[in-house]
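Participant: Sharing work_39.txt here; it has compact mmCIF, C-alpha atoms and all ligand atoms.
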```txt
# COMPACT_ATOMS: atom_id res chain seq x y z
CA MET A 306 12.06 -25.55 -23.05
CA SER A 307 9.07 -23.31 -23.57
CA VAL A 308 6.58 -21.76 -21.17
CA THR A 309 3.98 -24.26 -20.03
CA ILE A 310 0.35 -23.40 -19.36
CA LYS A 311 -0.82 -25.24 -16.27
CA THR A 312 -4.02 -27.29 -16.31
CA PRO A 313 -6.72 -26.68 -13.68
CA ASP A 314 -5.52 -29.82 -11.87
CA GLU A 315 -1.91 -28.60 -11.83
CA ILE A 316 -3.02 -25.16 -10.65
CA GLN A 317 -4.83 -26.75 -7.72
CA LYS A 318 -1.65 -28.64 -6.76
CA MET A 319 0.43 -25.46 -7.07
CA ARG A 320 -2.01 -23.63 -4.75
CA ILE A 321 -1.39 -26.30 -2.14
CA ALA A 322 2.41 -26.35 -2.60
CA GLY A 323 2.51 -22.54 -2.50
CA ARG A 324 0.56 -22.31 0.73
CA LEU A 325 2.72 -25.00 2.33
CA GLY A 326 5.92 -23.14 1.38
CA SER A 327 4.55 -20.01 3.01
CA GLU A 328 3.49 -21.95 6.10
CA VAL A 329 7.10 -23.08 6.59
CA LEU A 330 8.01 -19.39 6.87
CA ASP A 331 5.16 -18.86 9.34
CA TYR A 332 6.43 -21.80 11.39
CA ILE A 333 10.07 -20.67 11.49
CA THR A 334 9.40 -16.98 12.23
CA PRO A 335 9.51 -17.21 16.07
CA PHE A 336 12.87 -19.03 15.90
CA VAL A 337 14.61 -16.27 13.90
CA LYS A 338 16.30 -14.57 16.86
CA PRO A 339 19.81 -13.50 17.94
CA GLY A 340 21.91 -16.56 18.81
CA VAL A 341 20.20 -19.11 16.59
CA THR A 342 22.40 -20.64 13.91
CA THR A 343 21.22 -20.91 10.33
CA GLU A 344 21.91 -24.66 10.54
CA GLU A 345 19.41 -24.88 13.41
CA LEU A 346 16.83 -23.03 11.28
CA ASP A 347 17.58 -25.43 8.42
CA GLN A 348 17.06 -28.48 10.64
CA LEU A 349 13.78 -27.13 12.06
CA CYS A 350 12.44 -26.34 8.58
CA HIS A 351 13.61 -29.71 7.24
CA ASP A 352 11.79 -31.59 9.98
CA TYR A 353 8.64 -29.49 9.57
CA MET A 354 8.54 -30.02 5.80
CA VAL A 355 9.25 -33.75 5.99
CA HIS A 356 7.42 -34.83 9.15
CA VAL A 357 4.57 -32.32 9.55
CA GLN A 358 3.78 -31.34 5.96
CA ASP A 359 4.80 -34.60 4.27
CA CYS A 360 6.75 -32.55 1.72
CA ILE A 361 10.19 -32.86 0.12
CA PRO A 362 12.59 -29.92 0.64
CA ALA A 363 13.41 -29.07 -2.99
CA PRO A 364 16.87 -27.52 -2.35
CA LEU A 365 18.35 -30.64 -0.70
CA ASN A 366 20.76 -32.19 -3.22
CA TYR A 367 19.42 -29.90 -5.95
CA CYS A 368 22.09 -29.90 -8.66
CA PRO A 369 21.58 -27.73 -11.74
CA PRO A 370 24.18 -28.11 -14.54
CA GLY A 371 27.56 -26.70 -13.47
CA TYR A 372 26.77 -26.84 -9.73
CA THR A 373 27.61 -29.21 -6.89
CA PRO A 374 24.58 -30.67 -5.07
CA TYR A 375 23.07 -28.10 -2.66
CA PRO A 376 23.80 -29.48 0.82
CA LYS A 377 20.86 -28.11 2.87
CA SER A 378 17.06 -27.86 2.84
CA ILE A 379 16.64 -24.06 2.83
CA CYS A 380 18.65 -21.00 1.79
CA THR A 381 19.67 -18.45 4.44
CA SER A 382 21.21 -15.25 3.04
CA ILE A 383 22.53 -12.81 5.65
CA ASN A 384 23.34 -9.08 5.20
CA HIS A 385 25.60 -8.78 2.10
CA GLN A 386 24.63 -12.28 0.93
CA VAL A 387 22.32 -11.90 -2.07
CA CYS A 388 20.89 -15.42 -2.41
CA HIS A 389 21.63 -19.14 -2.03
CA GLY A 390 23.33 -18.62 1.34
CA VAL A 391 24.14 -22.06 2.78
CA PRO A 392 23.07 -22.66 6.41
CA SER A 393 26.05 -23.00 8.77
CA ASP A 394 26.99 -23.03 12.45
CA LYS A 395 27.22 -19.24 12.44
CA ALA A 396 24.74 -17.57 14.81
CA LEU A 397 22.49 -14.69 13.80
CA LYS A 398 23.18 -11.38 15.57
CA LYS A 399 20.91 -8.54 16.63
CA GLY A 400 20.68 -6.12 13.69
CA ASP A 401 21.34 -8.72 10.98
CA ILE A 402 18.93 -8.98 8.07
CA VAL A 403 18.35 -12.47 6.74
CA ASN A 404 16.39 -13.95 3.85
CA LEU A 405 14.91 -17.40 4.34
CA ASP A 406 14.03 -19.03 1.02
CA ILE A 407 11.84 -22.13 1.17
CA THR A 408 10.87 -24.48 -1.63
CA VAL A 409 8.69 -27.51 -0.90
CA ILE A 410 7.64 -30.28 -3.26
CA LYS A 411 4.13 -31.60 -2.56
CA ASP A 412 2.44 -34.14 -4.81
CA SER A 413 5.26 -33.53 -7.39
CA TYR A 414 4.67 -29.73 -7.55
CA HIS A 415 6.91 -26.95 -6.21
CA GLY A 416 6.05 -24.09 -3.84
CA ASP A 417 8.80 -21.42 -3.73
CA THR A 418 8.75 -18.31 -1.51
CA SER A 419 11.04 -16.16 0.61
CA ARG A 420 10.85 -13.36 3.18
CA MET A 421 13.27 -11.01 4.93
CA PHE A 422 13.65 -11.02 8.72
CA LEU A 423 15.09 -8.27 10.94
CA VAL A 424 16.98 -10.18 13.63
CA GLY A 425 16.17 -8.81 17.10
CA GLY A 426 13.19 -6.85 15.78
CA GLU A 427 12.50 -3.63 13.89
CA LYS A 428 14.40 -1.41 16.26
CA SER A 429 17.62 -3.46 16.07
CA ALA A 430 18.13 -2.92 12.35
CA SER A 431 19.80 0.16 10.87
CA ILE A 432 17.60 2.69 9.06
CA LEU A 433 19.28 1.63 5.81
CA ALA A 434 18.60 -2.08 6.41
CA ARG A 435 14.95 -1.41 7.21
CA ARG A 436 14.50 0.81 4.18
CA LEU A 437 16.19 -1.74 1.90
CA CYS A 438 13.90 -4.53 3.13
CA GLN A 439 10.79 -2.33 2.76
CA ILE A 440 11.65 -1.02 -0.72
CA THR A 441 12.43 -4.59 -1.87
CA TYR A 442 9.07 -5.78 -0.54
CA GLU A 443 7.38 -2.93 -2.44
CA CYS A 444 9.36 -3.93 -5.57
CA LEU A 445 7.99 -7.48 -5.31
CA TRP A 446 4.40 -6.25 -5.04
CA LEU A 447 4.76 -3.60 -7.75
CA GLY A 448 5.95 -6.45 -9.99
CA ILE A 449 2.97 -8.61 -8.95
CA ALA A 450 0.59 -5.73 -9.70
CA GLN A 451 1.73 -5.77 -13.36
CA VAL A 452 0.63 -9.38 -13.86
CA ARG A 453 -2.47 -9.88 -16.05
CA PRO A 454 -3.23 -11.42 -19.47
CA GLY A 455 -1.83 -9.19 -22.21
CA ALA A 456 0.92 -7.69 -20.05
CA HIS A 457 4.56 -8.45 -20.89
CA LEU A 458 7.38 -9.71 -18.70
CA GLY A 459 9.20 -6.41 -19.30
CA ASP A 460 6.37 -4.58 -17.51
CA ILE A 461 7.22 -6.52 -14.34
CA GLY A 462 10.96 -5.89 -14.65
CA HIS A 463 10.46 -2.22 -15.36
CA ALA A 464 8.20 -1.64 -12.35
CA ILE A 465 10.73 -3.31 -10.06
CA GLN A 466 13.79 -1.57 -11.52
CA LYS A 467 12.18 1.88 -11.40
CA HIS A 468 11.17 1.62 -7.75
CA ALA A 469 14.57 0.22 -6.68
CA GLU A 470 16.61 2.77 -8.59
CA ASP A 471 14.39 5.72 -7.58
CA ALA A 472 15.26 4.75 -4.00
CA GLY A 473 19.00 4.81 -4.84
CA PHE A 474 19.35 1.01 -4.83
CA SER A 475 20.39 -1.41 -7.58
CA VAL A 476 18.92 -4.57 -9.13
CA VAL A 477 20.94 -7.81 -9.31
CA ARG A 478 21.06 -8.97 -12.97
CA GLU A 479 22.51 -12.50 -12.78
CA PHE A 480 19.54 -14.14 -11.04
CA CYS A 481 15.87 -13.86 -11.89
CA GLY A 482 12.40 -15.20 -11.23
CA HIS A 483 11.40 -18.35 -13.10
CA GLY A 484 8.60 -20.52 -14.32
CA ILE A 485 7.84 -23.30 -11.84
CA GLY A 486 5.64 -26.38 -11.62
CA ALA A 487 6.71 -30.02 -11.68
CA SER A 488 10.23 -28.56 -12.26
CA PHE A 489 11.91 -26.20 -9.79
CA HIS A 490 13.19 -23.82 -12.49
CA GLU A 491 11.51 -23.66 -15.89
CA ASP A 492 10.88 -21.05 -18.59
CA PRO A 493 10.30 -18.16 -18.63
CA GLN A 494 13.11 -16.20 -16.98
CA VAL A 495 11.52 -13.31 -15.12
CA LEU A 496 14.05 -10.46 -15.13
CA HIS A 497 13.78 -7.86 -12.38
CA TYR A 498 14.72 -5.04 -14.78
CA GLY A 499 13.56 -4.13 -18.27
CA LYS A 500 11.40 -2.05 -20.54
CA PRO A 501 7.58 -1.93 -20.67
CA GLY A 502 6.04 -3.89 -23.54
CA THR A 503 9.09 -6.12 -24.09
CA GLY A 504 9.43 -9.84 -23.48
CA ILE A 505 6.79 -12.52 -23.75
CA GLU A 506 3.11 -11.76 -23.34
CA LEU A 507 1.43 -13.23 -20.26
CA THR A 508 -1.46 -15.64 -20.75
CA PRO A 509 -3.79 -17.33 -18.24
CA GLY A 510 -2.38 -20.49 -16.68
CA MET A 511 1.25 -19.36 -16.54
CA ILE A 512 2.88 -19.77 -13.12
CA PHE A 513 6.19 -18.10 -12.26
CA THR A 514 8.06 -16.55 -9.37
CA ILE A 515 8.96 -12.90 -8.87
CA GLU A 516 11.94 -12.61 -6.50
CA PRO A 517 13.81 -9.32 -6.78
CA MET A 518 17.30 -9.11 -5.26
CA ILE A 519 18.03 -5.47 -4.48
CA ASN A 520 21.41 -4.13 -3.30
CA ALA A 521 22.02 -1.03 -1.19
CA GLY A 522 25.23 -0.43 -3.18
CA LYS A 523 26.27 -1.51 -6.65
CA ALA A 524 24.55 -4.33 -8.58
CA ALA A 525 27.65 -6.50 -9.09
CA ILE A 526 27.84 -9.86 -7.34
CA SER A 527 30.45 -12.57 -6.63
CA GLU A 528 30.14 -16.28 -5.88
CA LEU A 529 31.84 -17.68 -2.79
CA SER A 530 34.13 -20.73 -2.98
CA ASP A 531 31.34 -22.98 -1.58
CA GLY A 532 29.97 -22.86 -5.13
CA TRP A 533 26.57 -21.54 -3.99
CA THR A 534 26.56 -18.41 -1.82
CA ILE A 535 26.18 -15.19 -3.82
CA VAL A 536 27.38 -11.92 -2.21
CA THR A 537 27.46 -8.30 -3.29
CA ARG A 538 30.88 -7.52 -4.77
CA ASP A 539 31.07 -4.27 -2.76
CA ARG A 540 29.79 -6.09 0.39
CA SER A 541 26.80 -3.74 0.61
CA LEU A 542 23.54 -5.06 2.10
CA SER A 543 21.17 -7.01 -0.13
CA ALA A 544 17.50 -7.96 0.31
CA GLN A 545 15.10 -10.33 -1.47
CA TRP A 546 11.41 -11.29 -1.24
CA GLU A 547 9.75 -13.96 -3.36
CA HIS A 548 6.21 -14.99 -4.29
CA MET A 549 4.87 -17.47 -6.82
CA VAL A 550 2.05 -16.08 -9.00
CA LEU A 551 -0.58 -17.44 -11.38
CA VAL A 552 -1.80 -15.43 -14.38
CA THR A 553 -5.61 -15.62 -14.18
CA GLU A 554 -8.29 -14.60 -16.72
CA SER A 555 -8.71 -11.31 -14.89
CA GLY A 556 -5.28 -10.61 -13.42
CA VAL A 557 -3.11 -12.32 -10.85
CA GLU A 558 -3.41 -14.82 -8.00
CA VAL A 559 -0.55 -14.97 -5.48
CA LEU A 560 -0.06 -18.65 -4.63
CA THR A 561 2.40 -18.32 -1.73
CA LEU A 562 0.20 -16.72 0.90
CA SER A 563 -0.68 -18.07 4.34
CA ALA A 564 -1.94 -16.84 7.71
CA GLY A 565 1.44 -15.31 8.59
CA SER A 566 2.17 -13.56 5.31
CA PRO A 567 2.97 -9.88 5.79
CA ALA A 568 0.22 -7.57 4.50
CA ARG A 569 0.57 -6.11 1.01
CA PRO A 570 2.33 -2.76 1.07
CA ASP A 571 0.19 0.40 0.81
CA ILE A 572 1.96 1.32 -2.43
CA VAL A 573 -0.10 -1.28 -4.37
CA ALA A 574 -3.45 -0.55 -2.69
CA HIS A 575 -4.74 1.29 -5.78
CA LEU A 576 -3.24 -1.24 -8.24
CA LEU A 577 -4.74 -4.55 -7.05
CA PRO A 578 -8.36 -5.56 -6.39
N1 LIG B 601 14.64 -20.99 -3.97
C1 LIG B 601 15.60 -20.46 -4.89
C2 LIG B 601 14.81 -19.73 -5.96
O1 LIG B 601 14.02 -18.93 -5.59
C3 LIG B 601 16.49 -21.48 -5.49
C4 LIG B 601 17.40 -22.10 -4.53
S1 LIG B 601 18.34 -23.30 -5.30
C5 LIG B 601 19.19 -23.96 -4.00
O2 LIG B 601 14.85 -19.96 -7.13
F1 LIG B 601 19.69 -25.06 -4.44
F2 LIG B 601 20.09 -23.07 -3.61
F3 LIG B 601 18.37 -24.18 -3.02
CO CO B 602 12.47 -19.00 -6.97
CO CO B 603 13.13 -19.32 -3.72
```
Show the structure stored in the file as structure tokens.
Ligand code: MF3
Ligand code: CO
Ligand code: CO
Facilitator:
Amino acid sequence: MSVTIKTPDEIQKMRIAGRLGSEVLDYITPFVKPGVTTEELDQLCHDYMVHVQDCIPAPLNYCPPGYTPYPKSICTSINHQVCHGVPSDKALKKGDIVNLDITVIKDSYHGDTSRMFLVGGEKSASILARRLCQITYECLWLGIAQVRPGAHLGDIGHAIQKHAEDAGFSVVREFCGHGIGASFHEDPQVLHYGKPGTGIELTPGMIFTIEPMINAGKAAISELSDGWTIVTRDRSLSAQWEHMVLVTESGVEVLTLSAGSPARPDIVAHLLP
């Protein structure tokens, strides 16, 4: 499959799906506390998506080639879990870091976004955990700041890789950002490492995610026997943030923003309008 350029009508639907995905994160934020199980968070998000937003949770029964159907409506990746963590009856603890990854389908179009949460608040997390979450958030936005017509995918990967590695962290290679629209995962693959000027050239109307997974230790990962959960091989902490972006005539529009989205980091203040 090749990279699709979205029509103005599709772009309008993706704006709506993107905002709704982000609003699920806004909704769930006050529930992310010590003692809550990830299954409870899954159920709350499921009901909000289905009954309040009139959306379909895209992960539920999602079954790419070579996988078993995903059994839940959101992904919850805790501490050394990199991505695709499956909600369970395990309770979150003070000091955990957890990624909640939400994908809604509204009017046939996907909205995909994720954030990190420090369980029990800022002061509960270790200095390392806080720094990892912050650097990863900066990586996401440094990648976003590269997006404009004429730029290349490698510019995004390079900006992310440089910031992560300068901080002493590593970039997961096996999973990447992706084109998105009426399909959950489409071309192009958006690598979170690379060289400036390489890869396809960006043109207006492309929509894709940027979703760096950054490890405190080594980059290597393993898959758990549930067939979904990805962990760091060395069991070091891992963080991820995700936005969906549109290449515009003049630069970039972030589609997965809502009232509760964290502010952009200061590091991109001089890079974005
Ligand atoms: N939301 C994830 C992504 O960003 C994909 C999750 S697939 C699932 O691409 F089946 F695990 F939900
Ligand atoms: Co994604
Ligand atoms: Co996602």
Participant: Do a neighbour search on range 351-361 of chain A at 10 Å with all atoms listed in the file, toss out local chain neighbours closer than 2 positions, and write the hits as a ChimeraX atom specification.
Facilitator: /A:322,325-326,328-329,332-333,345-349,363-365,377-379,407-415
Participant: Generate a file of the selected residues that holds C-alpha atoms, formatted as a PDB file, in the coordinates of the input.
Facilitator:
```pdb
ATOM      1  CA  ALA A 322       2.410 -26.350  -2.600  1.00  0.00           C
ATOM      2  CA  LEU A 325       2.720 -25.000   2.330  1.00  0.00           C
ATOM      3  CA  GLY A 326       5.920 -23.140   1.380  1.00  0.00           C
ATOM      4  CA  GLU A 328       3.490 -21.950   6.100  1.00  0.00           C
ATOM      5  CA  VAL A 329       7.100 -23.080   6.590  1.00  0.00           C
ATOM      6  CA  TYR A 332       6.430 -21.800  11.390  1.00  0.00           C
ATOM      7  CA  ILE A 333      10.070 -20.670  11.490  1.00  0.00           C
ATOM      8  CA  GLU A 345      19.410 -24.880  13.410  1.00  0.00           C
ATOM      9  CA  LEU A 346      16.830 -23.030  11.280  1.00  0.00           C
ATOM     10  CA  ASP A 347      17.580 -25.430   8.420  1.00  0.00           C
ATOM     11  CA  GLN A 348      17.060 -28.480  10.640  1.00  0.00           C
ATOM     12  CA  LEU A 349      13.780 -27.130  12.060  1.00  0.00           C
ATOM     13  CA  ALA A 363      13.410 -29.070  -2.990  1.00  0.00           C
ATOM     14  CA  PRO A 364      16.870 -27.520  -2.350  1.00  0.00           C
ATOM     15  CA  LEU A 365      18.350 -30.640  -0.700  1.00  0.00           C
ATOM     16  CA  LYS A 377      20.860 -28.110   2.870  1.00  0.00           C
ATOM     17  CA  SER A 378      17.060 -27.860   2.840  1.00  0.00           C
ATOM     18  CA  ILE A 379      16.640 -24.060   2.830  1.00  0.00           C
ATOM     19  CA  ILE A 407      11.840 -22.130   1.170  1.00  0.00           C
ATOM     20  CA  THR A 408      10.870 -24.480  -1.630  1.00  0.00           C
ATOM     21  CA  VAL A 409       8.690 -27.510  -0.900  1.00  0.00           C
ATOM     22  CA  ILE A 410       7.640 -30.280  -3.260  1.00  0.00           C
ATOM     23  CA  LYS A 411       4.130 -31.600  -2.560  1.00  0.00           C
ATOM     24  CA  ASP A 412       2.440 -34.140  -4.810  1.00  0.00           C
ATOM     25  CA  SER A 413       5.260 -33.530  -7.390  1.00  0.00           C
ATOM     26  CA  TYR A 414       4.670 -29.730  -7.550  1.00  0.00           C
ATOM     27  CA  HIS A 415       6.910 -26.950  -6.210  1.00  0.00           C
TER      28      HIS A 415
END
```
Participant: Neighbouring residues of Gly482 in chain A were defined as those with any atom within 8 Å, considering only C-alpha atoms; residues of the same chain fewer than 3 positions away were excluded. Please report them as a list in words.
Facilitator: Gln494, Val495, Leu496, His497, Phe513, Thr514, Ile515, Glu516 and Pro517 of chain A
Participant: Of the candidates A:Ser393, A:Ser431, A:Thr381, A:Thr342, which one gets nearest to ligand CO 603 (chain B) if we count all atoms listed in the file?
Facilitator: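 Looking at the shortest contact to ligand CO 603 (chain B), the residue is A:Thr381.
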Participant: Using all atoms listed in the file, which residue out of A:His463, A:Arg478, A:His490, A:His575 lies closest to ligand CO 602 (chain B)?
Facilitator: A:His490
Participant: Within 12 Å of (-2.2, -28.0, -12.8), only C-alpha atoms: residues as a PyMOL selection string?
Facilitator: chain A and resi 309-322+412-415+485-487+510-512+551
Participant: For the residues in that selection, give me C-alpha atoms as a PDB file, keeping the file's coordinate frame.
Facilitator:
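Dumped to again_28.pdb:
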```pdb
ATOM      1  CA  THR A 309       3.980 -24.260 -20.030  1.00  0.00           C
ATOM      2  CA  ILE A 310       0.350 -23.400 -19.360  1.00  0.00           C
ATOM      3  CA  LYS A 311      -0.820 -25.240 -16.270  1.00  0.00           C
ATOM      4  CA  THR A 312      -4.020 -27.290 -16.310  1.00  0.00           C
ATOM      5  CA  PRO A 313      -6.720 -26.680 -13.680  1.00  0.00           C
ATOM      6  CA  ASP A 314      -5.520 -29.820 -11.870  1.00  0.00           C
ATOM      7  CA  GLU A 315      -1.910 -28.600 -11.830  1.00  0.00           C
ATOM      8  CA  ILE A 316      -3.020 -25.160 -10.650  1.00  0.00           C
ATOM      9  CA  GLN A 317      -4.830 -26.750  -7.720  1.00  0.00           C
ATOM     10  CA  LYS A 318      -1.650 -28.640  -6.760  1.00  0.00           C
ATOM     11  CA  MET A 319       0.430 -25.460  -7.070  1.00  0.00           C
ATOM     12  CA  ARG A 320      -2.010 -23.630  -4.750  1.00  0.00           C
ATOM     13  CA  ILE A 321      -1.390 -26.300  -2.140  1.00  0.00           C
ATOM     14  CA  ALA A 322       2.410 -26.350  -2.600  1.00  0.00           C
ATOM     15  CA  ASP A 412       2.440 -34.140  -4.810  1.00  0.00           C
ATOM     16  CA  SER A 413       5.260 -33.530  -7.390  1.00  0.00           C
ATOM     17  CA  TYR A 414       4.670 -29.730  -7.550  1.00  0.00           C
ATOM     18  CA  HIS A 415       6.910 -26.950  -6.210  1.00  0.00           C
ATOM     19  CA  ILE A 485       7.840 -23.300 -11.840  1.00  0.00           C
ATOM     20  CA  GLY A 486       5.640 -26.380 -11.620  1.00  0.00           C
ATOM     21  CA  ALA A 487       6.710 -30.020 -11.680  1.00  0.00           C
ATOM     22  CA  GLY A 510      -2.380 -20.490 -16.680  1.00  0.00           C
ATOM     23  CA  MET A 511       1.250 -19.360 -16.540  1.00  0.00           C
ATOM     24  CA  ILE A 512       2.880 -19.770 -13.120  1.00  0.00           C
ATOM     25  CA  LEU A 551      -0.580 -17.440 -11.380  1.00  0.00           C
TER      26      LEU A 551
END
```
Participant: Do you have, as JSON lines, the list of residues of chain A lying at most 7 Å from ligand CO 603 (chain B), each with its nearest atom pair and that distance in Å to one decimal, counting all atoms listed in the file and ordered by chain then number?
Facilitator:
```
{"residue": "A:Asp406", "atom": "CA", "partner": "B:CO603", "partner_atom": "CO", "distance": 4.8}
{"residue": "A:Ile407", "atom": "CA", "partner": "B:CO603", "partner_atom": "CO", "distance": 5.8}
{"residue": "A:Thr408", "atom": "CA", "partner": "B:CO603", "partner_atom": "CO", "distance": 6.0}
{"residue": "A:Asp417", "atom": "CA", "partner": "B:CO603", "partner_atom": "CO", "distance": 4.8}
{"residue": "A:Thr418", "atom": "CA", "partner": "B:CO603", "partner_atom": "CO", "distance": 5.0}
{"residue": "A:Ser419", "atom": "CA", "partner": "B:CO603", "partner_atom": "CO", "distance": 5.8}
{"residue": "A:Glu547", "atom": "CA", "partner": "B:CO603", "partner_atom": "CO", "distance": 6.3}
```
Participant: Can you tell me how far CA of Glu506 in chain A sits from CA of Pro570 in chain A, in Å to one decimal?
Facilitator: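 Separating CA of Glu506 in chain A from CA of Pro570 in chain A is a distance of 26.0 Å.
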Participant: Any idea what's packed within 12 Å of Ala464 in chain A, counting only C-alpha atoms, ignoring anything in its chain fewer than 3 positions away? Could you give it as a ChimeraX atom specification?
Facilitator: /A:441,443-452,457-461,467-471,476,496-502,515,517,573
Participant: Could you tell me how far CA of Val477 in chain A lies from CA of Pro335 in chain A, in Å and to one decimal?
Facilitator: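 So the answer is 29.4 Å.
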Participant: Select all residues near (30.3, -14.6, -5.9) (cut-off 12 Å, inclusive, file coordinates), counting all atoms listed in the file, and output them as a list in words.
Facilitator: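 Looking at atoms near the point gives His385, Gln386, Val387, Cys388, His389, Gly390, Glu479, Phe480, Ala525, Ile526, Ser527, Glu528, Leu529, Ser530, Asp531, Gly532, Trp533, Thr534, Ile535, Val536, Thr537, Arg538, Asp539 and Arg540 of chain A.
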Participant: Measuring atom to atom with all atoms listed in the file, identify which of A:Gln545, A:Thr343, A:Ser566, A:Ser475 is nearest to ligand CO 602 (chain B).
Facilitator: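 Answer, going by the shortest atom-to-atom distance: A:Gln545.
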Participant: Please, what distance in Å, to one decimal, runs between CA of Cys368 in chain A and CA of Thr561 in chain A?
Facilitator: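 Calculated distance between CA of Cys368 in chain A and CA of Thr561 in chain A is 23.9 Å.
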Participant: Taking only C-alpha atoms into account, which of A:Gln466, A:Glu344, A:Pro493, A:Gly426 comes nearest Val391 in chain A?
Facilitator: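 Comparing A:Gln466, A:Glu344, A:Pro493, A:Gly426 against Val391 in chain A, the winner is A:Glu344.
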Participant: Centre and edge lengths of an axis-aligned box around all listed atoms of ligand LIG 601 (chain B), with 4 Å added on each side, are to be given in Å to one decimal, as AutoDock Vina command-line options.
Facilitator:
```
--center_x 17.1 --center_y -22.0 --center_z -5.1 --size_x 14.1 --size_y 14.1 --size_z 12.1
```
Participant: Using all atoms listed in the file, which of the listed residues (A:Ala430, A:Val341, A:Ala472, A:Met518) sits closest to ligand LIG 601 (chain B)?
Facilitator: A:Met518
